[in-house]
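Below is start-v1.cif, holding mmCIF, C-alpha atoms and all ligand atoms.
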```cif
data_structure
#
loop_
_atom_site.label_atom_id
_atom_site.label_comp_id
_atom_site.auth_asym_id
_atom_site.auth_seq_id
_atom_site.Cartn_x
_atom_site.Cartn_y
_atom_site.Cartn_z
CA MET A 1 0.00 0.00 0.00
CA ASP A 2 1.94 3.05 -1.21
CA ILE A 3 1.06 6.58 -0.20
CA PRO A 4 0.42 9.29 -2.79
CA VAL A 5 3.72 11.19 -2.67
CA GLN A 6 4.90 14.50 -3.96
CA ASP A 7 2.89 16.20 -6.58
CA GLN A 8 3.80 19.89 -6.37
CA SER A 9 0.58 20.91 -8.14
CA ALA A 10 -1.76 19.09 -5.77
CA THR A 11 -3.79 20.99 -3.16
CA ALA A 12 -1.98 21.22 0.19
CA GLY A 13 -2.91 18.22 2.30
CA ASP A 14 -4.11 15.96 -0.55
CA THR A 15 -0.78 14.25 -0.97
CA LEU A 16 2.29 13.78 1.12
CA ASP A 17 4.75 16.40 -0.14
CA LEU A 18 8.29 15.45 0.90
CA ARG A 19 9.24 19.12 1.12
CA ASP A 20 6.38 19.90 3.48
CA PRO A 21 4.41 16.87 4.73
CA TYR A 22 2.74 18.93 7.47
CA PRO A 23 -0.42 19.98 5.54
CA TYR A 24 -0.95 16.26 4.79
CA PHE A 25 -0.52 15.36 8.48
CA ALA A 26 -2.92 18.16 9.50
CA ALA A 27 -5.52 16.94 7.00
CA LYS A 28 -5.19 13.39 8.38
CA ARG A 29 -5.58 14.67 11.99
CA ARG A 30 -8.77 16.46 10.99
CA GLY A 31 -10.09 13.06 9.92
CA GLY A 32 -9.34 11.50 13.33
CA PRO A 33 -6.47 10.32 15.54
CA VAL A 34 -5.82 7.09 13.57
CA PHE A 35 -6.36 6.22 9.89
CA HIS A 36 -6.25 3.08 7.78
CA GLY A 37 -3.21 3.49 5.54
CA THR A 38 0.41 4.45 5.91
CA VAL A 39 2.70 7.47 5.91
CA MET A 40 5.57 5.30 4.62
CA ASP A 41 6.59 5.31 0.95
CA TYR A 42 7.14 1.62 0.15
CA SER A 43 7.72 2.16 -3.57
CA LYS A 44 11.44 1.26 -3.33
CA THR A 45 11.11 -1.31 -0.55
CA PRO A 46 11.45 -4.98 -1.59
CA GLU A 47 8.13 -6.87 -1.49
CA SER A 48 9.40 -9.13 1.34
CA LEU A 49 9.90 -6.11 3.64
CA ARG A 50 6.45 -4.58 3.01
CA PRO A 51 3.58 -5.06 5.51
CA SER A 52 0.29 -6.53 4.29
CA ASP A 53 -1.87 -4.03 6.20
CA SER A 54 -1.08 -0.62 7.70
CA TYR A 55 -2.60 1.96 10.02
CA ALA A 56 -1.19 5.30 11.11
CA ALA A 57 -1.59 7.20 14.40
CA VAL A 58 -1.41 10.96 13.84
CA SER A 59 -2.67 12.66 17.03
CA TYR A 60 -0.35 13.25 19.98
CA SER A 61 -2.50 11.20 22.35
CA ALA A 62 -2.81 8.19 19.97
CA VAL A 63 0.94 8.16 19.28
CA SER A 64 1.80 8.57 22.95
CA SER A 65 -0.58 5.87 24.20
CA ALA A 66 0.56 3.32 21.57
CA LEU A 67 4.22 3.97 22.50
CA ARG A 68 3.40 3.17 26.12
CA ASN A 69 1.83 -0.21 25.28
CA ASN A 70 4.63 -2.40 23.96
CA ARG A 71 2.65 -5.61 24.59
CA VAL A 72 0.03 -4.78 21.94
CA PHE A 73 2.19 -2.46 19.80
CA SER A 74 5.39 -4.44 19.61
CA SER A 75 8.85 -3.35 18.52
CA GLN A 76 9.63 -6.88 17.22
CA LEU A 77 8.68 -5.50 13.85
CA TYR A 78 12.22 -4.16 13.50
CA ASP A 79 13.59 -7.75 13.52
CA SER A 80 12.29 -8.14 9.96
CA THR A 81 13.30 -4.65 8.74
CA ILE A 82 16.40 -2.81 9.97
CA GLY A 83 17.16 -5.70 12.37
CA VAL A 84 18.15 -7.84 9.36
CA PHE A 85 21.16 -5.52 9.00
CA MET A 86 21.84 -4.57 12.63
CA GLY A 87 21.26 -7.94 14.32
CA PRO A 88 19.38 -8.44 17.61
CA THR A 89 19.20 -5.09 19.43
CA ILE A 90 17.14 -3.38 22.13
CA LEU A 91 15.26 -1.50 19.42
CA ALA A 92 13.43 -4.73 18.48
CA MET A 93 12.94 -6.21 21.97
CA ASP A 94 9.92 -6.03 24.26
CA GLY A 95 9.16 -6.53 27.97
CA ALA A 96 11.62 -8.08 30.45
CA ARG A 97 14.19 -8.95 27.76
CA HIS A 98 14.27 -5.32 26.64
CA ARG A 99 14.57 -4.02 30.22
CA ALA A 100 17.50 -6.34 31.04
CA HIS A 101 19.34 -5.61 27.82
CA ARG A 102 18.73 -1.86 27.99
CA GLY A 103 20.01 -1.84 31.59
CA LEU A 104 23.30 -3.33 30.40
CA VAL A 105 23.92 -1.06 27.41
CA SER A 106 22.77 2.10 29.21
CA THR A 107 25.79 1.89 31.54
CA ALA A 108 27.74 3.37 28.61
CA PHE A 109 25.51 6.49 28.64
CA ARG A 110 25.73 7.34 32.36
CA PRO A 111 25.55 11.07 33.30
CA GLN A 112 29.17 11.24 34.55
CA ALA A 113 30.40 10.09 31.12
CA LEU A 114 28.25 12.71 29.41
CA MET A 115 29.75 15.48 31.53
CA ARG A 116 33.25 14.45 30.48
CA TRP A 117 32.37 14.04 26.80
CA GLU A 118 31.33 17.69 26.44
CA PRO A 119 34.78 19.30 27.08
CA GLU A 120 36.93 16.31 26.08
CA ILE A 121 35.25 15.23 22.82
CA VAL A 122 32.29 17.26 21.54
CA ARG A 123 33.72 20.78 21.90
CA PRO A 124 37.15 19.91 20.38
CA VAL A 125 35.49 18.04 17.48
CA CYS A 126 33.22 21.01 16.66
CA ASN A 127 36.02 23.57 16.97
CA ALA A 128 38.36 21.53 14.76
CA LEU A 129 35.70 21.47 12.02
CA ILE A 130 35.13 25.23 12.28
CA ASP A 131 38.92 25.76 12.05
CA GLU A 132 38.78 24.20 8.59
CA PHE A 133 36.42 26.83 7.11
CA ALA A 134 36.32 29.89 9.42
CA GLU A 135 38.91 31.97 7.57
CA ARG A 136 37.20 31.37 4.21
CA GLY A 137 34.15 33.43 5.29
CA SER A 138 31.78 30.92 3.68
CA ALA A 139 30.87 27.26 4.12
CA ASP A 140 28.21 24.68 3.47
CA LEU A 141 27.17 24.06 7.06
CA VAL A 142 25.65 20.68 6.17
CA LYS A 143 28.59 19.20 4.28
CA GLU A 144 31.30 20.80 6.39
CA PHE A 145 29.72 20.83 9.83
CA THR A 146 26.41 19.14 10.72
CA PHE A 147 27.10 16.03 8.63
CA GLU A 148 30.61 15.72 10.06
CA PHE A 149 30.45 16.30 13.79
CA PRO A 150 28.18 13.42 14.96
CA THR A 151 30.27 10.78 13.10
CA ARG A 152 33.47 12.12 14.61
CA VAL A 153 31.87 12.31 18.06
CA ILE A 154 30.56 8.73 17.94
CA ALA A 155 33.87 7.41 16.60
CA ALA A 156 35.69 9.16 19.48
CA LEU A 157 33.17 7.88 22.06
CA LEU A 158 33.70 4.36 20.76
CA GLY A 159 37.48 4.84 20.84
CA LEU A 160 37.93 4.15 17.09
CA PRO A 161 41.13 5.32 15.38
CA GLU A 162 40.71 8.37 13.17
CA GLU A 163 41.97 6.55 10.07
CA ASP A 164 38.96 4.18 10.30
CA LEU A 165 36.49 7.09 9.97
CA PRO A 166 35.96 6.78 6.17
CA PHE A 167 35.21 3.03 6.44
CA PHE A 168 32.96 3.61 9.44
CA ARG A 169 31.04 6.37 7.66
CA ARG A 170 30.61 4.37 4.42
CA ALA A 171 29.32 1.34 6.31
CA ALA A 172 26.95 3.52 8.37
CA VAL A 173 25.44 5.09 5.24
CA ALA A 174 25.06 1.64 3.61
CA ILE A 175 23.13 0.28 6.61
CA ILE A 176 20.95 3.37 6.92
CA SER A 177 19.96 3.20 3.23
CA TYR A 178 19.14 -0.53 3.39
CA ALA A 179 15.72 -0.11 1.78
CA ASP A 180 17.34 1.09 -1.49
CA LYS A 181 20.31 -1.31 -1.72
CA VAL A 182 19.86 -4.51 0.27
CA PRO A 183 23.06 -6.38 -0.86
CA ARG A 184 25.24 -3.35 -0.07
CA ALA A 185 23.67 -3.05 3.40
CA LEU A 186 24.18 -6.78 4.09
CA GLN A 187 27.85 -6.49 3.12
CA ALA A 188 28.29 -3.42 5.36
CA SER A 189 26.64 -5.30 8.21
CA LYS A 190 29.15 -8.17 7.80
CA ASP A 191 32.12 -5.79 7.51
CA LEU A 192 31.09 -3.95 10.66
CA LYS A 193 30.66 -7.23 12.54
CA HIS A 194 34.28 -8.22 11.75
CA TYR A 195 35.52 -4.74 12.47
CA PHE A 196 33.77 -4.50 15.85
CA LEU A 197 34.83 -8.08 16.80
CA GLY A 198 38.42 -6.89 16.34
CA GLN A 199 37.74 -3.86 18.54
CA ILE A 200 36.14 -6.04 21.25
CA GLU A 201 39.16 -8.35 21.19
CA GLN A 202 41.50 -5.37 21.62
CA ARG A 203 39.51 -4.11 24.66
CA ARG A 204 39.72 -7.56 26.28
CA ALA A 205 43.51 -7.58 25.86
CA ASN A 206 44.00 -3.89 26.75
CA PRO A 207 41.08 -2.20 28.54
CA THR A 208 40.43 1.41 27.40
CA ASP A 209 38.15 4.25 28.51
CA ASP A 210 35.40 4.23 25.89
CA ILE A 211 31.91 2.91 25.11
CA ILE A 212 33.13 -0.37 23.60
CA ASN A 213 35.08 -1.09 26.78
CA ASP A 214 31.98 -0.26 28.88
CA LEU A 215 29.92 -2.72 26.82
CA VAL A 216 32.56 -5.46 27.13
CA THR A 217 32.67 -5.11 30.93
CA ALA A 218 28.97 -4.25 31.64
CA GLU A 219 27.44 -6.67 34.13
CA ILE A 220 24.11 -6.69 36.01
CA ASP A 221 23.29 -9.59 38.40
CA GLY A 222 26.04 -11.70 36.83
CA GLU A 223 24.60 -11.13 33.31
CA LYS A 224 26.99 -9.87 30.62
CA LEU A 225 26.40 -8.91 26.99
CA THR A 226 27.28 -11.55 24.40
CA GLU A 227 29.62 -10.60 21.55
CA GLU A 228 26.67 -10.65 19.17
CA ALA A 229 24.75 -8.26 21.44
CA ILE A 230 27.73 -5.89 21.58
CA TYR A 231 28.44 -5.65 17.86
CA SER A 232 24.73 -5.47 17.06
CA PHE A 233 24.29 -2.59 19.52
CA LEU A 234 27.28 -0.83 17.96
CA ARG A 235 25.69 -1.22 14.53
CA LEU A 236 22.44 0.24 15.95
CA LEU A 237 24.32 3.33 17.15
CA LEU A 238 25.07 4.27 13.54
CA PRO A 239 21.52 5.02 12.40
CA ALA A 240 20.37 5.88 15.94
CA GLY A 241 23.15 8.30 16.80
CA LEU A 242 24.43 9.72 13.51
CA GLU A 243 21.52 10.09 11.18
CA THR A 244 19.14 11.73 13.65
CA THR A 245 21.68 14.08 15.23
CA TYR A 246 23.15 15.47 12.03
CA ARG A 247 19.69 16.02 10.61
CA SER A 248 18.29 17.74 13.70
CA ALA A 249 21.29 20.11 13.88
CA GLY A 250 20.77 21.01 10.19
CA ASN A 251 17.05 21.54 10.78
CA LEU A 252 17.70 23.88 13.71
CA LEU A 253 20.22 25.93 11.72
CA TRP A 254 17.84 26.19 8.77
CA LEU A 255 14.96 27.25 11.05
CA LEU A 256 17.10 29.91 12.75
CA LEU A 257 18.37 31.23 9.41
CA ASP A 258 14.75 31.39 8.26
CA HIS A 259 13.70 33.31 11.41
CA PRO A 260 16.36 36.06 11.74
CA GLU A 261 14.86 37.70 14.85
CA GLN A 262 14.93 34.44 16.78
CA PHE A 263 18.43 33.75 15.43
CA ARG A 264 19.62 37.14 16.70
CA ALA A 265 18.06 36.49 20.12
CA VAL A 266 19.91 33.15 20.43
CA GLN A 267 23.21 34.68 19.30
CA GLN A 268 22.86 37.43 21.89
CA ASN A 269 21.76 35.12 24.69
CA ARG A 270 23.12 31.55 24.66
CA ASP A 271 20.82 30.63 27.58
CA LEU A 272 18.06 30.45 24.95
CA LEU A 273 19.81 27.59 23.15
CA PRO A 274 18.25 24.66 25.09
CA GLN A 275 14.72 25.91 24.32
CA ALA A 276 15.69 26.60 20.69
CA VAL A 277 16.95 22.99 20.43
CA GLU A 278 13.64 21.66 21.83
CA GLU A 279 11.51 23.84 19.54
CA GLY A 280 13.61 22.76 16.56
CA LEU A 281 13.04 19.12 17.48
CA ARG A 282 9.29 19.70 17.87
CA TYR A 283 8.80 21.74 14.73
CA GLU A 284 11.04 19.71 12.41
CA THR A 285 11.71 16.30 13.94
CA PRO A 286 14.55 14.52 12.06
CA LEU A 287 12.53 11.27 12.16
CA THR A 288 8.87 11.75 11.25
CA PHE A 289 7.61 8.29 12.27
CA VAL A 290 8.47 4.99 13.93
CA GLN A 291 6.58 1.71 13.51
CA ARG A 292 5.08 -1.06 15.64
CA TYR A 293 3.64 -4.54 14.94
CA VAL A 294 0.11 -5.11 16.27
CA THR A 295 0.15 -8.35 18.30
CA GLU A 296 -3.62 -8.74 18.87
CA ASP A 297 -6.92 -7.30 17.62
CA THR A 298 -7.22 -3.96 19.37
CA ARG A 299 -8.85 -0.53 19.35
CA LEU A 300 -6.83 2.69 19.39
CA GLU A 301 -8.72 5.94 20.00
CA GLY A 302 -11.85 4.64 18.29
CA THR A 303 -10.22 2.76 15.38
CA ASP A 304 -10.21 -1.06 15.27
CA ILE A 305 -6.84 -2.45 14.26
CA PRO A 306 -6.43 -6.15 13.43
CA GLN A 307 -3.64 -8.38 14.71
CA GLY A 308 -0.80 -8.50 12.17
CA ALA A 309 -1.11 -4.90 10.95
CA VAL A 310 1.77 -2.44 11.08
CA LEU A 311 1.07 0.81 12.92
CA ASP A 312 2.96 3.95 11.90
CA LEU A 313 3.40 6.31 14.85
CA CYS A 314 3.66 9.69 13.21
CA LEU A 315 5.88 11.77 15.48
CA GLY A 316 5.93 14.66 13.00
CA SER A 317 2.15 14.91 13.10
CA ALA A 318 1.92 14.42 16.89
CA ASN A 319 4.39 17.30 17.37
CA ARG A 320 2.04 19.67 15.53
CA ASP A 321 -1.16 18.55 17.25
CA GLU A 322 -3.42 21.58 17.79
CA ASN A 323 -4.95 19.87 20.85
CA ARG A 324 -1.56 20.08 22.61
CA TRP A 325 0.08 23.27 21.31
CA GLU A 326 -1.22 26.72 20.49
CA ARG A 327 -0.11 27.87 17.03
CA PRO A 328 1.53 24.44 16.37
CA GLU A 329 2.45 25.40 12.79
CA GLU A 330 4.67 28.29 13.99
CA PHE A 331 8.34 27.94 14.90
CA ASP A 332 8.64 29.90 18.14
CA ILE A 333 11.54 29.34 20.52
CA PHE A 334 9.79 31.55 23.09
CA ARG A 335 6.67 29.37 23.38
CA THR A 336 5.76 27.83 26.77
CA HIS A 337 7.62 24.55 26.86
CA ILE A 338 5.42 21.47 26.43
CA PRO A 339 7.44 18.28 25.78
CA HIS A 340 7.52 17.04 22.18
CA ILE A 341 7.66 13.37 21.20
CA SER A 342 10.67 13.34 18.83
CA PHE A 343 12.57 10.99 21.17
CA THR A 344 9.36 8.90 21.52
CA ALA A 345 8.00 7.84 24.93
CA GLY A 346 7.68 4.68 27.00
CA ALA A 347 10.16 1.79 27.14
CA HIS A 348 12.02 2.66 23.92
CA THR A 349 12.51 6.37 24.65
CA CYS A 350 15.77 7.36 22.94
CA LEU A 351 18.74 6.20 24.98
CA GLY A 352 20.93 8.93 23.52
CA LEU A 353 18.61 11.89 24.12
CA HIS A 354 20.88 13.65 26.63
CA LEU A 355 23.89 13.16 24.36
CA ALA A 356 21.90 14.42 21.34
CA ARG A 357 20.75 17.55 23.20
CA MET A 358 24.25 18.25 24.48
CA GLU A 359 25.88 17.70 21.06
CA THR A 360 23.41 20.02 19.34
CA ARG A 361 23.73 22.75 21.97
CA VAL A 362 27.55 22.58 21.97
CA ALA A 363 27.71 22.56 18.16
CA MET A 364 25.60 25.75 18.05
CA GLU A 365 27.62 27.36 20.87
CA CYS A 366 30.90 26.71 19.04
CA LEU A 367 29.51 28.13 15.78
CA PHE A 368 28.01 31.25 17.37
CA ASP A 369 31.02 31.91 19.64
CA ARG A 370 33.32 32.05 16.65
CA LEU A 371 31.20 33.22 13.72
CA THR A 372 28.59 35.94 13.25
CA ASP A 373 26.40 37.69 10.65
CA PHE A 374 25.34 34.51 8.89
CA THR A 375 23.63 34.92 5.52
CA LEU A 376 22.06 31.96 3.76
CA SER A 377 22.68 31.87 0.03
CA SER A 378 19.90 30.61 -2.24
CA GLU A 379 22.40 28.49 -4.21
CA GLY A 380 21.18 24.90 -4.45
CA ASP A 381 17.75 25.92 -3.08
CA PRO A 382 18.41 24.99 0.58
CA HIS A 383 15.32 23.53 2.25
CA ILE A 384 14.28 20.75 4.61
CA PHE A 385 13.20 17.64 2.73
CA GLY A 386 12.37 13.97 3.18
CA GLN A 387 10.48 11.33 5.08
CA PRO A 388 10.89 9.44 7.36
CA PHE A 389 14.25 11.22 7.78
CA ARG A 390 14.14 14.98 7.20
CA SER A 391 16.81 17.65 6.93
CA PRO A 392 18.35 20.14 4.51
CA ASN A 393 20.90 18.74 2.01
CA THR A 394 22.81 21.97 1.88
CA LEU A 395 23.17 25.19 3.91
CA PRO A 396 25.54 27.49 2.00
CA VAL A 397 26.28 30.51 4.21
CA THR A 398 28.60 33.48 4.38
CA PHE A 399 29.66 34.88 7.78
CA ASP A 400 32.20 37.03 9.61
CA VAL A 401 34.66 35.77 12.16
CA VAL A 402 34.07 37.12 15.67
CA THR A 403 37.08 39.22 16.61
C1 LIG A 501 18.23 14.39 17.77
C2 LIG A 501 18.77 13.21 17.84
C3 LIG A 501 18.00 11.94 18.09
C4 LIG A 501 16.68 11.65 17.85
C5 LIG A 501 15.59 12.58 17.30
C6 LIG A 501 16.48 10.28 18.24
C7 LIG A 501 15.27 9.62 18.16
C8 LIG A 501 15.06 8.32 18.60
C9 LIG A 501 13.79 7.65 18.52
C10 LIG A 501 12.53 8.23 17.89
C11 LIG A 501 13.94 6.41 19.08
C12 LIG A 501 12.86 5.36 19.30
C13 LIG A 501 12.70 4.43 18.13
C14 LIG A 501 11.50 3.53 18.36
O1 LIG A 501 10.97 3.43 19.45
O2 LIG A 501 11.06 2.88 17.40
C15 LIG A 501 15.31 6.31 19.51
C16 LIG A 501 15.86 5.20 20.10
C17 LIG A 501 17.20 5.06 20.38
N1 LIG A 501 18.18 6.04 20.24
FE1 LIG A 501 17.91 7.94 19.59
N2 LIG A 501 17.66 9.76 18.68
C18 LIG A 501 18.62 10.74 18.61
C19 LIG A 501 19.94 10.63 18.98
C20 LIG A 501 20.52 9.50 19.49
C21 LIG A 501 21.92 9.39 19.87
C22 LIG A 501 22.95 10.50 19.79
C23 LIG A 501 22.10 8.09 20.31
C24 LIG A 501 23.34 7.42 20.80
C25 LIG A 501 24.54 7.64 20.40
C26 LIG A 501 20.82 7.43 20.23
C27 LIG A 501 20.60 6.12 20.61
C28 LIG A 501 19.37 5.50 20.61
C29 LIG A 501 19.18 4.11 21.02
C30 LIG A 501 20.24 3.14 21.49
C31 LIG A 501 17.81 3.84 20.88
C32 LIG A 501 17.08 2.53 21.17
C33 LIG A 501 16.38 2.60 22.53
C34 LIG A 501 15.53 1.39 22.83
O3 LIG A 501 15.04 0.75 21.89
O4 LIG A 501 15.32 1.10 24.01
N3 LIG A 501 19.89 8.30 19.73
N4 LIG A 501 15.97 7.48 19.20
#
```
Can I see the file as structure tokens?
Ligand code: HEM
Amino acid sequence: MDIPVQDQSATAGDTLDLRDPYPYFAAKRRGGPVFHGTVMDYSKTPESLRPSDSYAAVSYSAVSSALRNNRVFSSQLYDSTIGVFMGPTILAMDGARHRAHRGLVSTAFRPQALMRWEPEIVRPVCNALIDEFAERGSADLVKEFTFEFPTRVIAALLGLPEEDLPFFRRAAVAIISYADKVPRALQASKDLKHYFLGQIEQRRANPTDDIINDLVTAEIDGEKLTEEAIYSFLRLLLPAGLETTYRSAGNLLWLLLDHPEQFRAVQQNRDLLPQAVEEGLRYETPLTFVQRYVTEDTRLEGTDIPQGAVLDLCLGSANRDENRWERPEEFDIFRTHIPHISFTAGAHTCLGLHLARMETRVAMECLFDRLTDFTLSSEGDPHIFGQPFRSPNTLPVTFDVVT
């Protein structure tokens, strides 16, 4: 069941426009909290990976309540999609197994580690990237900054040598784009398995101070992670940690460049950055939907959904729900803060959300501390695009260096 996608001449809301899917989401919400159909474009997905029946939750309350009921709306679905390439990970587990496994891997994301990462890894990575283009007075902030910093941060957190970055990045992109090129993604999955097995072996021989070492030594009630669990989790961190973070940083920059008064306010007062980051995530979430498998016949906010269907949980639509926010279609960093759902909710709430917020804030601080008077050029028609992942492909800017 493919959705009608992208016809620039269609009336707003009739079709899902990849440049601006929000009128489509709003039209669907007007029809009710849940609809029979999908927000996913399956046109390039192999037949074997397509669901036979789909529903989509579009209101905040429907999305939020389904996320909190993992027994009926199960994450196992991912075993037959991205799990084919990542292996068994917490993303696709439910119930007690998920809790135990998540407890083990979350030791790597403890708050003390996060506090150290900011000055020791994130700030130096961002500043080194800015060093490369500051004197030029112009840059493409996507290609030279937002696309670069999360990969370098993750590689440093994992303790990977810098010379492995190109391999690591290529393999990450291959896994993330699995729906387009299955054989390439399978090969990348194998390559990463061998690569990470080597890294695990090295940590066993010579313990280090990084996430891979934490995963090798993590233990709760005598339970340790198997090798397969470790390299699968590391493969999950690629789409989970890179793709979302680089896109959300690009979205925030685009939104600020498009709203000069709010941009000026943030540049003058860095204390506004955390709320700007949250509003950016609400208004333009980098991931517009997640999916669940329906394990039994059920009813969600008035719609009957049969066992075996796939339910799309449309985060992008939930974040613009007029029953939760006033003026939801306006980007306003000064609005009263009401939590968005871009990191989802319930058992699978993003494990890296504190890291993601810190990385985005620090990246913006580094940029605005060193550069000023940004002007966006229209070259290449910069705009946010895509679904389920959304971000600008290019952000060509000119700027002055702060003296
Ligand atoms: C702005 C950036 C980010 C966004 C918007 C985001 C969003 C999400 C979402 C929506 C999920 C839930 C998926 C589902 O339930 O189907 C998730 C899960 C997860 N995220 Fe993030 N993420 C971000 C950054 C990160 C980072 C930086 C990391 C780690 C390096 C990370 C690690 C994870 C992990 C491990 C899970 C699986 C949690 C579980 O299944 O229990 N994420 N993320």
Q.
Considering all atoms listed in the file, can you say which of A:Gly83, A:Gly13, A:Gly31, A:Pro161 comes closest to ligand LIG 501 (chain A)?
A. A:Gly83
(Q) Using only C-alpha atoms, list the residues that have an atom at most 12 Å from (26.7, -9.4, 19.9), coordinates as in the file, as an MDAnalysis selection string. (A) chainID A and resid 86:90 101 105 192:194 196:197 200 212 215:216 224:236
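Across the model, the gap from CA of Val84 (chain A) to CA of His348 (chain A) is 19.0 Å.
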Q.
Let me make sure I understand: among A:Leu300, A:Met115, A:Leu242, A:Ala100, which one has the smallest atom-to-atom distance to Phe149 (chain A) if we use all atoms listed in the file?
A.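 Going through A:Leu300, A:Met115, A:Leu242, A:Ala100 one by one, the smallest distance to Phe149 (chain A) is for A:Leu242.
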Q. Contacts of Pro382 (chain A) at 9 Å or less, counting all atoms listed in the file, minus same-chain residues fewer than 4 places along, as a count of residues only?
A. 9
Would you place a box with edges along x, y and z of the file around all atoms of ligand LIG 501 (chain A) listed there, add 3 Å to each of its six sides, and report the centre and edge lengths in Å to one decimal, as AutoDock Vina command-line options?
```
--center_x 17.8 --center_y 7.6 --center_z 20.7 --size_x 19.6 --size_y 19.6 --size_z 12.7
```
Q: Kindly compile the residues surrounding ligand LIG 501 (chain A) within 8 Å, counting only C-alpha atoms and all ligand atoms, and format them as a PyMOL selection string.
A: chain A and resi 67+75+89-93+98+102+150+154+233+236-238+240-249+281+285-287+289-292+315+341-345+347-357+359-360
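Taking all atoms listed in the file, the non-local environment of Leu165 (chain A) within 9 Å (same-chain residues fewer than 4 positions away omitted) comprises Thr151, Arg152, Ala155, Leu160, Pro161, Arg169 and Arg170 of chain A.
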Q.
Ranking A:Asp258, A:Asp312, A:Asp180, A:Asp20 by minimum distance to Val58 (chain A) and counting all atoms listed in the file, which one comes first?
A.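 The closest residue to Val58 (chain A) is A:Asp312.
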(Q) Report, in Å with one decimal, the straight-line distance from CA of Ser64 (chain A) to CA of Gly346 (chain A). (A)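 Distance reported for this atom pair: 8.1 Å.
The coordinates place CA of Leu158 (chain A) at 4.9 Å from CA of Ile211 (chain A).
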Q. Given the choices A:Ile121, A:Leu313, A:Leu129, A:Ala57, which gets closest to Arg29 (chain A) if the distance is worked out from all atoms listed in the file?
A.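 For Arg29 (chain A), the nearest of the given residues is A:Ala57.
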Q | Nearest candidate to Thr288 (chain A) (options A:Ala96, A:Val63, A:Leu104, A:Ala185; using all atoms listed in the file) | A |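 Under the stated criterion, the closest residue is A:Val63.
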Every residue with an atom at most 12 Å from (-3.4, 1.8, 24.8) (file coordinates; only C-alpha atoms) is what I'm after, so could you write them as a PDB file with C-alpha atoms, in the coordinates of the input?
```pdb
ATOM      1  CA  ALA A  57      -1.590   7.200  14.400  1.00  0.00           C
ATOM      2  CA  SER A  61      -2.500  11.200  22.350  1.00  0.00           C
ATOM      3  CA  ALA A  62      -2.810   8.190  19.970  1.00  0.00           C
ATOM      4  CA  VAL A  63       0.940   8.160  19.280  1.00  0.00           C
ATOM      5  CA  SER A  64       1.800   8.570  22.950  1.00  0.00           C
ATOM      6  CA  SER A  65      -0.580   5.870  24.200  1.00  0.00           C
ATOM      7  CA  ALA A  66       0.560   3.320  21.570  1.00  0.00           C
ATOM      8  CA  LEU A  67       4.220   3.970  22.500  1.00  0.00           C
ATOM      9  CA  ARG A  68       3.400   3.170  26.120  1.00  0.00           C
ATOM     10  CA  ASN A  69       1.830  -0.210  25.280  1.00  0.00           C
ATOM     11  CA  ASN A  70       4.630  -2.400  23.960  1.00  0.00           C
ATOM     12  CA  ARG A  71       2.650  -5.610  24.590  1.00  0.00           C
ATOM     13  CA  VAL A  72       0.030  -4.780  21.940  1.00  0.00           C
ATOM     14  CA  PHE A  73       2.190  -2.460  19.800  1.00  0.00           C
ATOM     15  CA  SER A  74       5.390  -4.440  19.610  1.00  0.00           C
ATOM     16  CA  VAL A 294       0.110  -5.110  16.270  1.00  0.00           C
ATOM     17  CA  THR A 298      -7.220  -3.960  19.370  1.00  0.00           C
ATOM     18  CA  ARG A 299      -8.850  -0.530  19.350  1.00  0.00           C
ATOM     19  CA  LEU A 300      -6.830   2.690  19.390  1.00  0.00           C
ATOM     20  CA  GLU A 301      -8.720   5.940  20.000  1.00  0.00           C
ATOM     21  CA  GLY A 302     -11.850   4.640  18.290  1.00  0.00           C
ATOM     22  CA  THR A 303     -10.220   2.760  15.380  1.00  0.00           C
ATOM     23  CA  ILE A 305      -6.840  -2.450  14.260  1.00  0.00           C
ATOM     24  CA  GLY A 346       7.680   4.680  27.000  1.00  0.00           C
TER      25      GLY A 346
END
```
